[in-house]
file input25.tsv (TSV, C-alpha atoms)
chain	number	residue	atom	x	y	z
A	1	MET	CA	-111.93	-42.46	25.56
A	2	SER	CA	-109.64	-43.10	28.54
A	3	GLY	CA	-105.92	-43.76	28.31
A	4	LEU	CA	-106.52	-47.35	29.47
A	5	GLN	CA	-108.99	-47.95	26.64
A	6	ILE	CA	-106.56	-46.49	24.09
A	7	ARG	CA	-103.75	-48.75	25.37
A	8	LYS	CA	-106.10	-51.74	25.15
A	9	ILE	CA	-106.89	-50.93	21.51
A	10	TRP	CA	-103.18	-50.64	20.72
A	11	ARG	CA	-102.71	-54.11	22.22
A	12	LEU	CA	-105.38	-55.68	20.01
A	13	LEU	CA	-102.99	-58.47	19.01
A	14	ASP	CA	-103.41	-59.73	22.59
A	15	TRP	CA	-107.19	-59.84	22.26
A	16	ASN	CA	-108.88	-63.23	22.07
A	17	ASP	CA	-110.36	-64.37	18.76
A	18	ARG	CA	-113.90	-63.49	19.83
A	19	ASP	CA	-113.03	-59.84	20.47
A	20	LYS	CA	-111.07	-59.68	17.23
A	21	GLY	CA	-114.14	-61.04	15.45
A	22	ILE	CA	-116.25	-58.32	17.07
A	23	LEU	CA	-113.79	-55.70	15.84
A	24	VAL	CA	-113.84	-57.08	12.29
A	25	SER	CA	-117.65	-57.23	12.36
A	26	ALA	CA	-117.99	-53.62	13.51
A	27	MET	CA	-115.44	-52.33	10.99
A	28	THR	CA	-116.90	-54.26	8.06
A	29	ALA	CA	-120.49	-53.32	8.90
A	30	SER	CA	-119.39	-49.68	8.92
A	31	LEU	CA	-117.73	-50.13	5.53
A	32	PHE	CA	-120.84	-51.63	3.96
A	33	ALA	CA	-122.98	-48.87	5.45
A	34	SER	CA	-120.67	-46.33	3.78
A	35	TYR	CA	-120.86	-48.27	0.47
A	36	ILE	CA	-124.67	-48.16	0.61
A	37	GLY	CA	-124.60	-44.45	1.33
A	38	TRP	CA	-122.20	-43.84	-1.55
A	39	LEU	CA	-124.37	-45.79	-3.99
A	40	LEU	CA	-127.54	-44.00	-2.88
A	41	PHE	CA	-125.93	-40.59	-3.22
A	42	SER	CA	-124.35	-41.44	-6.59
A	43	ALA	CA	-127.61	-42.85	-7.96
A	44	HIS	CA	-129.92	-40.02	-6.86
A	45	PHE	CA	-127.79	-36.90	-6.48
A	46	SER	CA	-125.11	-37.08	-9.18
A	47	ASP	CA	-125.05	-36.90	-12.96
A	48	PHE	CA	-122.63	-39.82	-12.90
A	49	GLY	CA	-125.24	-42.19	-11.50
A	50	GLN	CA	-127.83	-41.18	-14.06
A	51	ARG	CA	-125.34	-41.68	-16.87
A	52	PHE	CA	-123.36	-44.76	-15.85
A	53	PHE	CA	-125.39	-46.86	-13.39
A	54	SER	CA	-127.58	-49.64	-14.71
A	55	PRO	CA	-130.95	-49.66	-12.88
A	56	GLU	CA	-130.98	-53.45	-12.67
A	57	GLY	CA	-127.33	-53.57	-11.65
A	58	LEU	CA	-127.95	-50.94	-9.00
A	59	ARG	CA	-130.87	-52.95	-7.63
A	60	ILE	CA	-128.77	-56.13	-7.42
A	61	THR	CA	-125.90	-54.23	-5.81
A	62	HIS	CA	-128.26	-52.82	-3.18
A	63	VAL	CA	-129.52	-56.33	-2.46
A	64	TRP	CA	-126.00	-57.72	-2.03
A	65	ASN	CA	-124.89	-54.80	0.12
A	66	GLY	CA	-128.02	-55.11	2.25
A	67	ILE	CA	-127.41	-58.82	2.76
A	68	SER	CA	-123.76	-58.16	3.65
A	69	LEU	CA	-124.60	-55.36	6.08
A	70	SER	CA	-127.31	-57.45	7.75
A	71	GLY	CA	-124.95	-60.41	8.04
A	72	TRP	CA	-122.20	-58.34	9.64
A	73	LEU	CA	-124.61	-56.70	12.05
A	74	ALA	CA	-125.82	-60.16	13.02
A	75	LEU	CA	-122.23	-61.33	13.59
A	76	LEU	CA	-121.55	-58.21	15.64
A	77	ALA	CA	-124.62	-58.87	17.80
A	78	ILE	CA	-123.66	-62.53	18.27
A	79	GLY	CA	-120.14	-61.53	19.27
A	80	LEU	CA	-121.39	-59.03	21.83
A	81	LEU	CA	-123.74	-61.65	23.31
A	82	LEU	CA	-120.88	-64.15	23.52
A	83	ARG	CA	-118.71	-61.53	25.19
A	84	ARG	CA	-121.41	-60.81	27.72
A	85	ALA	CA	-121.73	-64.54	28.42
A	86	GLY	CA	-117.96	-64.91	28.74
A	87	ARG	CA	-117.77	-67.47	25.94
A	88	ASN	CA	-115.19	-67.65	23.17
A	89	PRO	CA	-116.16	-70.39	20.69
A	90	ARG	CA	-113.76	-70.98	17.82
A	91	LEU	CA	-116.73	-71.27	15.44
A	92	TYR	CA	-117.53	-67.56	15.86
A	93	SER	CA	-114.10	-66.32	14.82
A	94	SER	CA	-114.07	-68.83	11.94
A	95	LEU	CA	-117.37	-67.42	10.67
A	96	CYS	CA	-115.93	-63.90	10.85
A	97	ILE	CA	-112.80	-64.95	8.96
A	98	PHE	CA	-114.66	-66.66	6.12
A	99	ALA	CA	-117.32	-63.94	5.91
A	100	TYR	CA	-114.58	-61.31	5.72
A	101	SER	CA	-112.86	-63.17	2.89
A	102	VAL	CA	-115.94	-63.38	0.64
A	103	SER	CA	-118.27	-60.55	1.63
A	104	PHE	CA	-116.51	-58.01	-0.61
A	105	LEU	CA	-116.62	-60.27	-3.67
A	106	PRO	CA	-120.22	-59.52	-4.79
A	107	LEU	CA	-119.46	-55.80	-4.76
A	108	ALA	CA	-116.20	-56.49	-6.60
A	109	HIS	CA	-118.15	-58.38	-9.27
A	110	MET	CA	-120.68	-55.57	-9.60
A	111	ILE	CA	-118.05	-52.85	-10.19
A	112	GLY	CA	-115.69	-55.10	-12.18
A	113	LEU	CA	-113.12	-57.61	-10.97
A	114	TYR	CA	-110.33	-55.79	-12.82
A	115	ASN	CA	-110.93	-52.55	-10.97
A	116	PRO	CA	-107.68	-51.78	-9.09
A	117	LEU	CA	-109.61	-51.25	-5.87
A	118	VAL	CA	-110.65	-54.92	-5.96
A	119	GLY	CA	-107.00	-55.94	-5.79
A	120	VAL	CA	-106.33	-53.47	-2.99
A	121	THR	CA	-109.31	-54.81	-1.04
A	122	LEU	CA	-108.33	-58.45	-1.53
A	123	LEU	CA	-104.74	-57.79	-0.48
A	124	GLY	CA	-105.77	-55.63	2.47
A	125	ALA	CA	-108.34	-58.11	3.74
A	126	THR	CA	-105.82	-60.94	3.55
A	127	MET	CA	-103.15	-58.91	5.33
A	128	THR	CA	-105.59	-57.97	8.09
A	129	GLY	CA	-106.60	-61.60	8.49
A	130	PHE	CA	-103.00	-62.82	8.76
A	131	VAL	CA	-102.24	-60.18	11.40
A	132	LEU	CA	-105.29	-60.85	13.58
A	133	PHE	CA	-105.91	-64.58	13.25
A	134	ASP	CA	-104.04	-67.85	12.86
A	135	VAL	CA	-102.50	-68.56	9.46
A	136	PRO	CA	-104.21	-71.89	8.57
A	137	ARG	CA	-107.77	-70.54	8.77
A	138	VAL	CA	-106.89	-67.31	6.97
A	139	LEU	CA	-105.05	-69.26	4.27
A	140	VAL	CA	-108.09	-71.46	3.66
A	141	ALA	CA	-110.37	-68.41	3.53
A	142	PHE	CA	-107.99	-66.59	1.16
A	143	THR	CA	-107.86	-69.65	-1.10
A	144	LEU	CA	-111.66	-69.80	-1.13
A	145	ALA	CA	-111.82	-66.11	-2.10
A	146	LEU	CA	-109.34	-66.66	-4.94
A	147	LEU	CA	-111.37	-69.60	-6.25
A	148	VAL	CA	-114.54	-67.48	-6.25
A	149	ILE	CA	-112.70	-64.71	-8.11
A	150	PHE	CA	-111.39	-67.17	-10.72
A	151	VAL	CA	-114.87	-68.61	-11.21
A	152	LEU	CA	-116.45	-65.16	-11.58
A	153	ALA	CA	-113.71	-64.07	-13.97
A	154	GLY	CA	-114.14	-67.22	-16.05
A	155	LEU	CA	-117.90	-66.81	-16.23
A	156	SER	CA	-117.48	-63.16	-17.23
A	157	ILE	CA	-114.93	-63.97	-19.93
A	158	THR	CA	-117.13	-66.70	-21.43
A	159	GLY	CA	-120.18	-64.43	-21.36
A	160	VAL	CA	-122.18	-66.57	-18.96
A	161	ILE	CA	-122.55	-63.60	-16.61
A	162	GLU	CA	-122.24	-59.91	-17.32
A	163	TYR	CA	-119.00	-58.16	-16.39
A	164	ALA	CA	-119.47	-55.19	-13.99
A	165	PRO	CA	-123.30	-55.28	-14.13
A	166	LEU	CA	-123.57	-52.13	-11.99
A	167	LEU	CA	-122.25	-50.03	-14.88
A	168	ARG	CA	-123.83	-49.33	-18.24
A	169	MET	CA	-120.43	-48.45	-19.66
A	170	ASP	CA	-116.87	-48.20	-18.44
A	171	PRO	CA	-116.30	-44.84	-16.71
A	172	VAL	CA	-112.56	-45.07	-17.37
A	173	THR	CA	-111.52	-45.37	-21.03
A	174	LYS	CA	-108.80	-43.97	-23.24
A	175	SER	CA	-111.14	-41.26	-24.48
A	176	HIS	CA	-112.85	-40.43	-21.19
A	177	ILE	CA	-112.07	-40.69	-17.49
A	178	SER	CA	-114.82	-39.90	-15.02
A	179	LEU	CA	-113.31	-37.77	-12.26
A	180	TYR	CA	-116.35	-38.48	-10.07
A	181	TRP	CA	-115.88	-42.25	-10.40
A	182	VAL	CA	-112.16	-42.15	-9.67
A	183	ALA	CA	-112.47	-39.70	-6.76
A	184	SER	CA	-115.55	-41.24	-5.15
A	185	THR	CA	-114.37	-44.84	-5.36
A	186	PHE	CA	-111.02	-43.95	-3.83
A	187	LEU	CA	-112.77	-41.88	-1.16
A	188	CYS	CA	-115.14	-44.75	-0.46
A	189	ALA	CA	-112.20	-47.14	-0.14
A	190	THR	CA	-110.30	-44.83	2.22
A	191	PRO	CA	-111.86	-46.18	5.46
A	192	PHE	CA	-110.95	-49.74	4.46
A	193	VAL	CA	-107.39	-48.78	3.55
A	194	ALA	CA	-107.12	-46.80	6.80
A	195	SER	CA	-108.23	-49.84	8.81
A	196	VAL	CA	-105.59	-51.99	7.09
A	197	PHE	CA	-102.94	-49.37	7.82
A	198	PHE	CA	-104.07	-49.22	11.45
A	199	VAL	CA	-103.80	-52.98	11.92
A	200	THR	CA	-100.40	-53.00	10.18
A	201	ILE	CA	-99.11	-50.15	12.34
A	202	VAL	CA	-100.29	-51.96	15.47
A	203	LEU	CA	-98.42	-55.07	14.30
A	204	LEU	CA	-95.21	-53.15	13.59
A	205	GLU	CA	-95.38	-51.32	16.92
A	206	ARG	CA	-95.90	-54.64	18.68
A	207	TRP	CA	-92.88	-56.11	16.92
A	208	ARG	CA	-90.78	-53.13	17.97
A	209	GLU	CA	-92.03	-53.43	21.55
A	210	ARG	CA	-91.23	-57.14	21.65
A	211	GLU	CA	-87.80	-56.54	20.13
A	212	ARG	CA	-87.12	-53.90	22.78
A	213	ARG	CA	-88.27	-56.25	25.55
A	214	VAL	CA	-86.19	-59.13	24.23
A	215	ARG	CA	-83.16	-56.84	23.99
A	216	ILE	CA	-83.69	-55.65	27.56
A	217	LEU	CA	-84.24	-59.19	28.88
A	218	SER	CA	-81.15	-60.45	27.06
A	219	THR	CA	-78.90	-57.75	28.53
A	220	THR	CA	-80.41	-57.01	31.96
A	221	ASP	CA	-80.37	-58.92	35.21
A	222	VAL	CA	-84.08	-59.20	35.97
A	223	LEU	CA	-83.64	-59.08	39.75
A	224	THR	CA	-81.36	-56.04	40.14
A	225	GLY	CA	-81.89	-54.19	36.86
A	226	LEU	CA	-78.12	-54.15	36.33
A	227	PRO	CA	-76.40	-55.42	33.18
A	228	ASN	CA	-76.28	-59.21	33.20
A	229	ARG	CA	-73.20	-61.33	32.51
A	230	ARG	CA	-73.60	-61.14	28.74
A	231	ALA	CA	-74.09	-57.36	28.58
A	232	LEU	CA	-71.36	-56.69	31.11
A	233	PHE	CA	-68.81	-58.78	29.23
A	234	GLN	CA	-69.68	-57.08	25.95
A	235	ARG	CA	-69.05	-53.65	27.48
A	236	PHE	CA	-66.01	-55.04	29.29
A	237	ASP	CA	-64.57	-56.08	25.91
A	238	THR	CA	-65.23	-52.58	24.57
A	239	GLU	CA	-63.48	-50.93	27.53
A	240	LEU	CA	-60.57	-53.34	27.26
A	241	ALA	CA	-60.10	-52.50	23.58
A	242	ARG	CA	-60.28	-48.77	24.36
A	243	ALA	CA	-57.76	-49.07	27.19
A	244	ARG	CA	-55.44	-51.01	24.86
A	245	ARG	CA	-55.66	-48.34	22.15
A	246	GLN	CA	-55.16	-45.42	24.52
A	247	GLN	CA	-52.67	-47.24	26.77
A	248	GLU	CA	-54.71	-46.51	29.89
A	249	PRO	CA	-54.98	-48.63	33.06
A	250	LEU	CA	-58.12	-50.64	33.66
A	251	VAL	CA	-59.36	-51.82	37.05
A	252	VAL	CA	-61.46	-54.96	37.46
A	253	CYS	CA	-63.13	-55.86	40.74
A	254	VAL	CA	-65.16	-58.91	41.74
A	255	VAL	CA	-67.52	-58.22	44.65
A	256	ASP	CA	-68.97	-61.04	46.75
A	257	LEU	CA	-71.53	-60.45	49.52
A	258	ASP	CA	-70.28	-62.01	52.74
A	259	HIS	CA	-72.29	-64.85	54.32
A	260	PHE	CA	-75.10	-64.42	51.82
A	261	LYS	CA	-76.10	-68.08	52.10
A	262	GLN	CA	-76.89	-67.52	55.78
A	263	ILE	CA	-79.30	-64.72	54.85
A	264	ASN	CA	-81.13	-67.04	52.45
A	265	ASP	CA	-81.19	-69.89	54.96
A	266	THR	CA	-82.33	-67.70	57.87
A	267	HIS	CA	-84.75	-65.27	56.24
A	268	GLY	CA	-85.70	-66.95	52.97
A	269	HIS	CA	-84.93	-66.31	49.32
A	270	ALA	CA	-87.39	-63.40	49.07
A	271	VAL	CA	-85.35	-61.43	51.60
A	272	GLY	CA	-82.18	-62.59	49.85
A	273	ASP	CA	-83.49	-61.13	46.61
A	274	GLU	CA	-84.18	-57.81	48.34
A	275	VAL	CA	-80.63	-57.81	49.72
A	276	LEU	CA	-79.21	-58.30	46.23
A	277	GLN	CA	-81.35	-55.45	44.91
A	278	TYR	CA	-80.21	-53.21	47.76
A	279	ALA	CA	-76.55	-54.09	47.18
A	280	GLY	CA	-76.87	-53.29	43.47
A	281	ARG	CA	-78.41	-49.88	44.22
A	282	VAL	CA	-75.74	-49.00	46.78
A	283	LEU	CA	-72.84	-50.02	44.56
A	284	ARG	CA	-74.25	-48.11	41.59
A	285	SER	CA	-74.72	-44.97	43.72
A	286	GLN	CA	-71.02	-44.91	44.66
A	287	LEU	CA	-69.62	-45.24	41.14
A	288	ARG	CA	-69.14	-42.85	38.23
A	289	ASP	CA	-71.42	-42.95	35.20
A	290	VAL	CA	-68.53	-44.32	33.11
A	291	ASP	CA	-67.88	-47.17	35.53
A	292	LEU	CA	-69.39	-50.55	34.71
A	293	LEU	CA	-71.36	-52.57	37.23
A	294	GLY	CA	-73.11	-55.84	36.59
A	295	ARG	CA	-74.29	-58.97	38.34
A	296	ILE	CA	-72.71	-62.14	37.01
A	297	GLY	CA	-74.62	-64.62	39.14
A	298	GLY	CA	-75.54	-65.49	42.70
A	299	GLU	CA	-74.21	-62.87	45.11
A	300	GLU	CA	-71.34	-61.81	42.84
A	301	PHE	CA	-71.01	-58.46	41.11
A	302	VAL	CA	-68.30	-57.16	38.80
A	303	ILE	CA	-67.08	-53.56	38.68
A	304	VAL	CA	-64.92	-52.19	35.87
A	305	LEU	CA	-63.25	-48.80	36.42
A	306	PRO	CA	-61.88	-47.32	33.17
A	307	ASP	CA	-58.82	-45.06	33.31
A	308	SER	CA	-58.22	-45.57	37.04
A	309	ASP	CA	-54.93	-46.17	38.83
A	310	VAL	CA	-54.49	-48.06	42.10
A	311	ALA	CA	-55.10	-45.04	44.31
A	312	ALA	CA	-58.27	-43.96	42.48
A	313	ALA	CA	-59.57	-47.52	42.47
A	314	GLN	CA	-58.93	-47.91	46.19
A	315	ARG	CA	-60.83	-44.71	46.97
A	316	ALA	CA	-63.82	-45.64	44.80
A	317	LEU	CA	-64.06	-49.23	45.98
A	318	GLU	CA	-63.55	-48.28	49.61
A	319	ARG	CA	-66.55	-45.99	49.28
A	320	CYS	CA	-68.56	-48.95	47.98
A	321	ARG	CA	-67.39	-51.21	50.80
A	322	ALA	CA	-68.15	-48.62	53.50
A	323	ALA	CA	-71.57	-47.80	52.05
A	324	LEU	CA	-72.56	-51.47	52.20
A	325	ALA	CA	-71.11	-52.08	55.67
A	326	ASN	CA	-72.41	-48.93	57.38
A	327	GLY	CA	-76.01	-48.86	56.14
A	328	ASP	CA	-79.10	-50.79	57.11
A	329	VAL	CA	-80.50	-52.93	54.33
A	330	VAL	CA	-83.75	-51.39	53.10
A	331	ILE	CA	-86.30	-54.17	52.60
A	332	ALA	CA	-90.08	-54.47	52.54
A	333	ASP	CA	-90.39	-55.76	56.12
A	334	PRO	CA	-89.73	-52.76	58.42
A	335	ALA	CA	-89.46	-55.04	61.45
A	336	LEU	CA	-86.42	-56.78	60.01
A	337	THR	CA	-83.05	-55.02	60.28
A	338	LEU	CA	-80.11	-56.42	58.37
A	339	ARG	CA	-76.51	-55.39	57.90
A	340	ILE	CA	-74.34	-56.78	55.14
A	341	THR	CA	-70.69	-56.62	54.18
A	342	ALA	CA	-68.84	-57.54	51.02
A	343	SER	CA	-65.38	-58.65	49.97
A	344	PHE	CA	-63.66	-56.99	47.01
A	345	GLY	CA	-61.04	-58.65	44.84
A	346	VAL	CA	-59.25	-56.04	42.72
A	347	TYR	CA	-56.90	-56.27	39.77
A	348	CYS	CA	-55.32	-53.08	38.37
A	349	ALA	CA	-54.24	-54.01	34.86
A	350	GLN	CA	-51.73	-52.35	32.61
A	351	VAL	CA	-53.41	-53.50	29.43
A	352	ASP	CA	-51.36	-54.92	26.57
A	353	GLU	CA	-52.02	-57.07	23.50
A	354	THR	CA	-52.15	-60.26	25.58
A	355	SER	CA	-54.80	-58.96	28.00
A	356	ASN	CA	-58.25	-60.49	27.79
A	357	VAL	CA	-61.42	-60.52	29.85
A	358	PRO	CA	-61.10	-64.06	31.31
A	359	GLN	CA	-57.51	-63.32	32.40
A	360	LEU	CA	-58.45	-60.08	34.15
A	361	LEU	CA	-61.43	-61.68	35.88
A	362	ALA	CA	-59.35	-64.65	37.00
A	363	ARG	CA	-56.84	-62.36	38.71
A	364	ALA	CA	-59.61	-60.36	40.37
A	365	ASP	CA	-61.05	-63.68	41.58
A	366	GLU	CA	-57.67	-64.63	43.07
A	367	ALA	CA	-57.63	-61.31	44.93
A	368	LEU	CA	-61.18	-61.98	46.15
A	369	TYR	CA	-59.99	-65.25	47.64
A	370	VAL	CA	-57.36	-63.32	49.60
A	371	ALA	CA	-59.97	-60.85	50.88
A	372	LYS	CA	-62.16	-63.69	52.14
A	373	ARG	CA	-59.22	-65.59	53.60
A	374	ASP	CA	-58.14	-62.55	55.58
A	375	GLY	CA	-61.50	-61.97	57.24
A	376	ARG	CA	-63.91	-60.57	54.63
A	377	ASN	CA	-65.32	-57.02	54.51
A	378	ARG	CA	-62.16	-55.71	52.88
A	379	LEU	CA	-60.38	-54.96	49.64
A	380	ALA	CA	-57.59	-57.17	48.34
A	381	PHE	CA	-55.43	-56.26	45.34
A	382	TRP	CA	-53.97	-58.92	43.09
A	383	GLY	CA	-50.21	-59.27	43.54
A	384	GLU	CA	-50.10	-57.97	47.11
A	385	ALA	CA	-49.23	-60.32	49.88
A	386	THR	CA	-51.79	-58.88	52.31
A	387	ALA	CA	-55.22	-57.35	52.05
A	388	VAL	CA	-55.81	-53.63	52.31
A	389	ALA	CA	-57.84	-53.49	55.51
A	390	PRO	CA	-60.67	-51.05	55.99

call {"tool": "encode", "arguments": {"input": "input25.tsv", "output": "structure tokens"}}
result
Amino acid sequence: MSGLQIRKIWRLLDWNDRDKGILVSAMTASLFASYIGWLLFSAHFSDFGQRFFSPEGLRITHVWNGISLSGWLALLAIGLLLRRAGRNPRLYSSLCIFAYSVSFLPLAHMIGLYNPLVGVTLLGATMTGFVLFDVPRVLVAFTLALLVIFVLAGLSITGVIEYAPLLRMDPVTKSHISLYWVASTFLCATPFVASVFFVTIVLLERWRERERRVRILSTTDVLTGLPNRRALFQRFDTELARARRQQEPLVVCVVDLDHFKQINDTHGHAVGDEVLQYAGRVLRSQLRDVDLLGRIGGEEFVIVLPDSDVAAAQRALERCRAALANGDVVIADPALTLRITASFGVYCAQVDETSNVPQLLARADEALYVAKRDGRNRLAFWGEATAVAP
């Protein structure tokens, strides 16, 4: 089996209802084939069968199992034909759901409704149905199965029908427990339990995958792969609290790509997106691992430099500015050559109890205004009368 096929199986929750019905049909047909094999072996090759099985009950059980196996093979064949024809009628999956809910009940009646494996099967079948199909149809099918169980139990209690007609006597009593019965029934139920576990594991893995994707989408800028505004501000808060505790300086910089609107207007938004991606890669490559970089919207990025003084910040940010200004923008169209520059508004904060993220960003924004006013493609530090020219 190829890796692609394995991945497709693990994504069975994305299958359409027809393919899920085919899966249920194949699995259930296999289960009934194993039940028939178990009964035949127990009846003809074990002392247990000779001692405990009722001949008439065994005959009826074989009839029911044969009908069930034939029905599931028919559903499997119909599903494969529908798949080949590219059709996905709702009726087919509904038939599979309702057949799955009741097909185990005749066997449950034959071995005894109060056998613990009956409860396991009922619970497992319901759980599998809820995972694979929509709740309303599964709920109706589960209710139907419960009604059939109540009717069979009532008829057994009142003596209208025989309880556990497959068995001459109970193989599990206070005075005697048949090891063969206990071991073989649990072994026979193992494939069903394994299938339920498989479906449950697939569901849990899918939940984890979706949770991971949601977490990534909620904290990552989809275009650049950088932290988005929310994630950046959360980490910004953490760095601010750390700087406050350790009485360290903290540098905040707002970066704005110069004349970015002209790029969009001239070359289109697709090229503009590539420019933003390029700018994000270049900025990230010039910073330390501990430095924060995120995109907060449009053509604006924010850089946070922990434990950096003015001189260290100027060196780091000047590297960023020069890397953007001196390199050709790498985009998909090799015939198009672009150069970009950026303006940097910088605030070097001596953090105290009154410092907060909006305040620090506002001062970096004021410095950015100075950098743009003085000609762009430069650094400007908050509190200085002039920009620091490149």

call {"tool": "atom_distance", "arguments": {"input": "input25.tsv", "atom1": "atom CA of Ser285 of chain A", "atom2": "atom CA of Gly345 of chain A"}}
result
19.4 Å

call {"tool": "residues_around", "arguments": {"input": "input25.tsv", "residues": "segment 83-92 of chain A", "least_positions_apart": "3", "cutoff": "6 Å", "atoms": "only C-alpha atoms", "output": "list in words"}}
result
Arg18, Leu80 and Leu95 of chain A

call {"tool": "write_last_selection", "arguments": {"input": "input25.tsv", "atoms": "C-alpha atoms", "output": "PDB file, keeping the file's coordinate frame"}}
result
ATOM      1  CA  ARG A  18    -113.900 -63.490  19.830  1.00  0.00           C
ATOM      2  CA  LEU A  80    -121.390 -59.030  21.830  1.00  0.00           C
ATOM      3  CA  LEU A  95    -117.370 -67.420  10.670  1.00  0.00           C
TER       4      LEU A  95
END

call {"tool": "residues_around", "arguments": {"input": "input25.tsv", "residues": "Val102 of chain A", "least_positions_apart": "3", "cutoff": "9 Å", "atoms": "all atoms listed in the file", "output": "mmCIF file with C-alpha atoms, in the frame of the given file"}}
result
data_model
loop_
_atom_site.group_PDB
_atom_site.id
_atom_site.type_symbol
_atom_site.label_atom_id
_atom_site.label_comp_id
_atom_site.auth_asym_id
_atom_site.auth_seq_id
_atom_site.Cartn_x
_atom_site.Cartn_y
_atom_site.Cartn_z
ATOM 1 C CA PHE A 98 -114.660 -66.660 6.120
ATOM 2 C CA ALA A 99 -117.320 -63.940 5.910
ATOM 3 C CA LEU A 105 -116.620 -60.270 -3.670
ATOM 4 C CA PRO A 106 -120.220 -59.520 -4.790
ATOM 5 C CA ALA A 141 -110.370 -68.410 3.530
ATOM 6 C CA PHE A 142 -107.990 -66.590 1.160
ATOM 7 C CA LEU A 144 -111.660 -69.800 -1.130
ATOM 8 C CA ALA A 145 -111.820 -66.110 -2.100
ATOM 9 C CA VAL A 148 -114.540 -67.480 -6.250
#

call {"tool": "atom_distance", "arguments": {"input": "input25.tsv", "atom1": "atom CA of Arg206 of chain A", "atom2": "atom CA of Asp19 of chain A"}}
result
18.0 Å

call {"tool": "atom_distance", "arguments": {"input": "input25.tsv", "atom1": "atom CA of Ser68 of chain A", "atom2": "atom CA of Ser103 of chain A"}}
result
6.3 Å

call {"tool": "closest_residue", "arguments": {"input": "input25.tsv", "among": "A:Ala241, A:Val330, A:Val302, A:Leu292", "to": "Thr354 of chain A", "atoms": "all atoms listed in the file"}}
result
A:Ala241

call {"tool": "residues_around", "arguments": {"input": "input25.tsv", "residues": "segment 179-194 of chain A", "least_positions_apart": "2", "cutoff": "8 Å", "atoms": "all atoms listed in the file", "output": "list in words"}}
result
Leu31, Ser34, Tyr35, Trp38, Phe48, Leu117, Thr121, Gly124, Pro171, Ile177, Val196, Phe197 and Phe198 of chain A

call {"tool": "residues_around", "arguments": {"input": "input25.tsv", "residues": "Phe260 of chain A", "least_positions_apart": "2", "cutoff": "12 Å", "atoms": "all atoms listed in the file", "output": "ChimeraX atom specification"}}
result
/A:256-258,262-269,271-276,279,298-300,338-343

call {"tool": "closest_residue", "arguments": {"input": "input25.tsv", "among": "A:Leu223, A:Pro306, A:Ala349, A:Leu82", "to": "Trp382 of chain A", "atoms": "only C-alpha atoms"}}
result
A:Ala349

call {"tool": "closest_residue", "arguments": {"input": "input25.tsv", "among": "A:Met127, A:Val282, A:Val346, A:Ala270", "to": "Cys253 of chain A", "atoms": "all atoms listed in the file"}}
result
A:Val346

call {"tool": "closest_residue", "arguments": {"input": "input25.tsv", "among": "A:Val310, A:Asn228, A:Ser101, A:Val304", "to": "Leu147 of chain A", "atoms": "only C-alpha atoms"}}
result
A:Ser101

call {"tool": "closest_residue", "arguments": {"input": "input25.tsv", "among": "A:Lys261, A:His109, A:His176, A:Arg137", "to": "Ile149 of chain A", "atoms": "all atoms listed in the file"}}
result
A:His109

call {"tool": "residues_around", "arguments": {"input": "input25.tsv", "residues": "Cys96 of chain A", "least_positions_apart": "5", "cutoff": "9 Å", "atoms": "only C-alpha atoms", "output": "list in words"}}
result
Gly21, Ile22, Val24, Ser25, Trp72, Leu75, Leu91 and Ser101 of chain A

call {"tool": "build_atoms", "arguments": {"input": "input25.tsv", "residues": "segment 208-217 of chain A", "atoms": "N, CA and C atoms", "output": "PDB file, in the coordinates of the input"}}
result
ATOM      1  N   ARG A 208     -91.830 -53.979  17.396  1.00  0.00           N
ATOM      2  CA  ARG A 208     -90.780 -53.130  17.970  1.00  0.00           C
ATOM      3  C   ARG A 208     -90.761 -53.254  19.491  1.00  0.00           C
ATOM      4  N   GLU A 209     -91.957 -53.292  20.093  1.00  0.00           N
ATOM      5  CA  GLU A 209     -92.030 -53.430  21.550  1.00  0.00           C
ATOM      6  C   GLU A 209     -91.440 -54.762  21.995  1.00  0.00           C
ATOM      7  N   ARG A 210     -91.773 -55.826  21.279  1.00  0.00           N
ATOM      8  CA  ARG A 210     -91.230 -57.140  21.650  1.00  0.00           C
ATOM      9  C   ARG A 210     -89.726 -57.182  21.448  1.00  0.00           C
ATOM     10  N   GLU A 211     -89.241 -56.573  20.373  1.00  0.00           N
ATOM     11  CA  GLU A 211     -87.800 -56.540  20.130  1.00  0.00           C
ATOM     12  C   GLU A 211     -87.093 -55.787  21.250  1.00  0.00           C
ATOM     13  N   ARG A 212     -87.710 -54.670  21.686  1.00  0.00           N
ATOM     14  CA  ARG A 212     -87.120 -53.900  22.780  1.00  0.00           C
ATOM     15  C   ARG A 212     -87.110 -54.728  24.069  1.00  0.00           C
ATOM     16  N   ARG A 213     -88.204 -55.432  24.339  1.00  0.00           N
ATOM     17  CA  ARG A 213     -88.270 -56.250  25.550  1.00  0.00           C
ATOM     18  C   ARG A 213     -87.261 -57.386  25.513  1.00  0.00           C
ATOM     19  N   VAL A 214     -87.151 -58.030  24.362  1.00  0.00           N
ATOM     20  CA  VAL A 214     -86.190 -59.130  24.230  1.00  0.00           C
ATOM     21  C   VAL A 214     -84.774 -58.608  24.425  1.00  0.00           C
ATOM     22  N   ARG A 215     -84.498 -57.427  23.844  1.00  0.00           N
ATOM     23  CA  ARG A 215     -83.160 -56.840  23.990  1.00  0.00           C
ATOM     24  C   ARG A 215     -82.871 -56.526  25.448  1.00  0.00           C
ATOM     25  N   ILE A 216     -83.877 -55.970  26.151  1.00  0.00           N
ATOM     26  CA  ILE A 216     -83.690 -55.650  27.560  1.00  0.00           C
ATOM     27  C   ILE A 216     -83.494 -56.928  28.378  1.00  0.00           C
ATOM     28  N   LEU A 217     -84.343 -57.937  28.123  1.00  0.00           N
ATOM     29  CA  LEU A 217     -84.240 -59.190  28.880  1.00  0.00           C
ATOM     30  C   LEU A 217     -82.926 -59.904  28.611  1.00  0.00           C
TER      31      LEU A 217
END
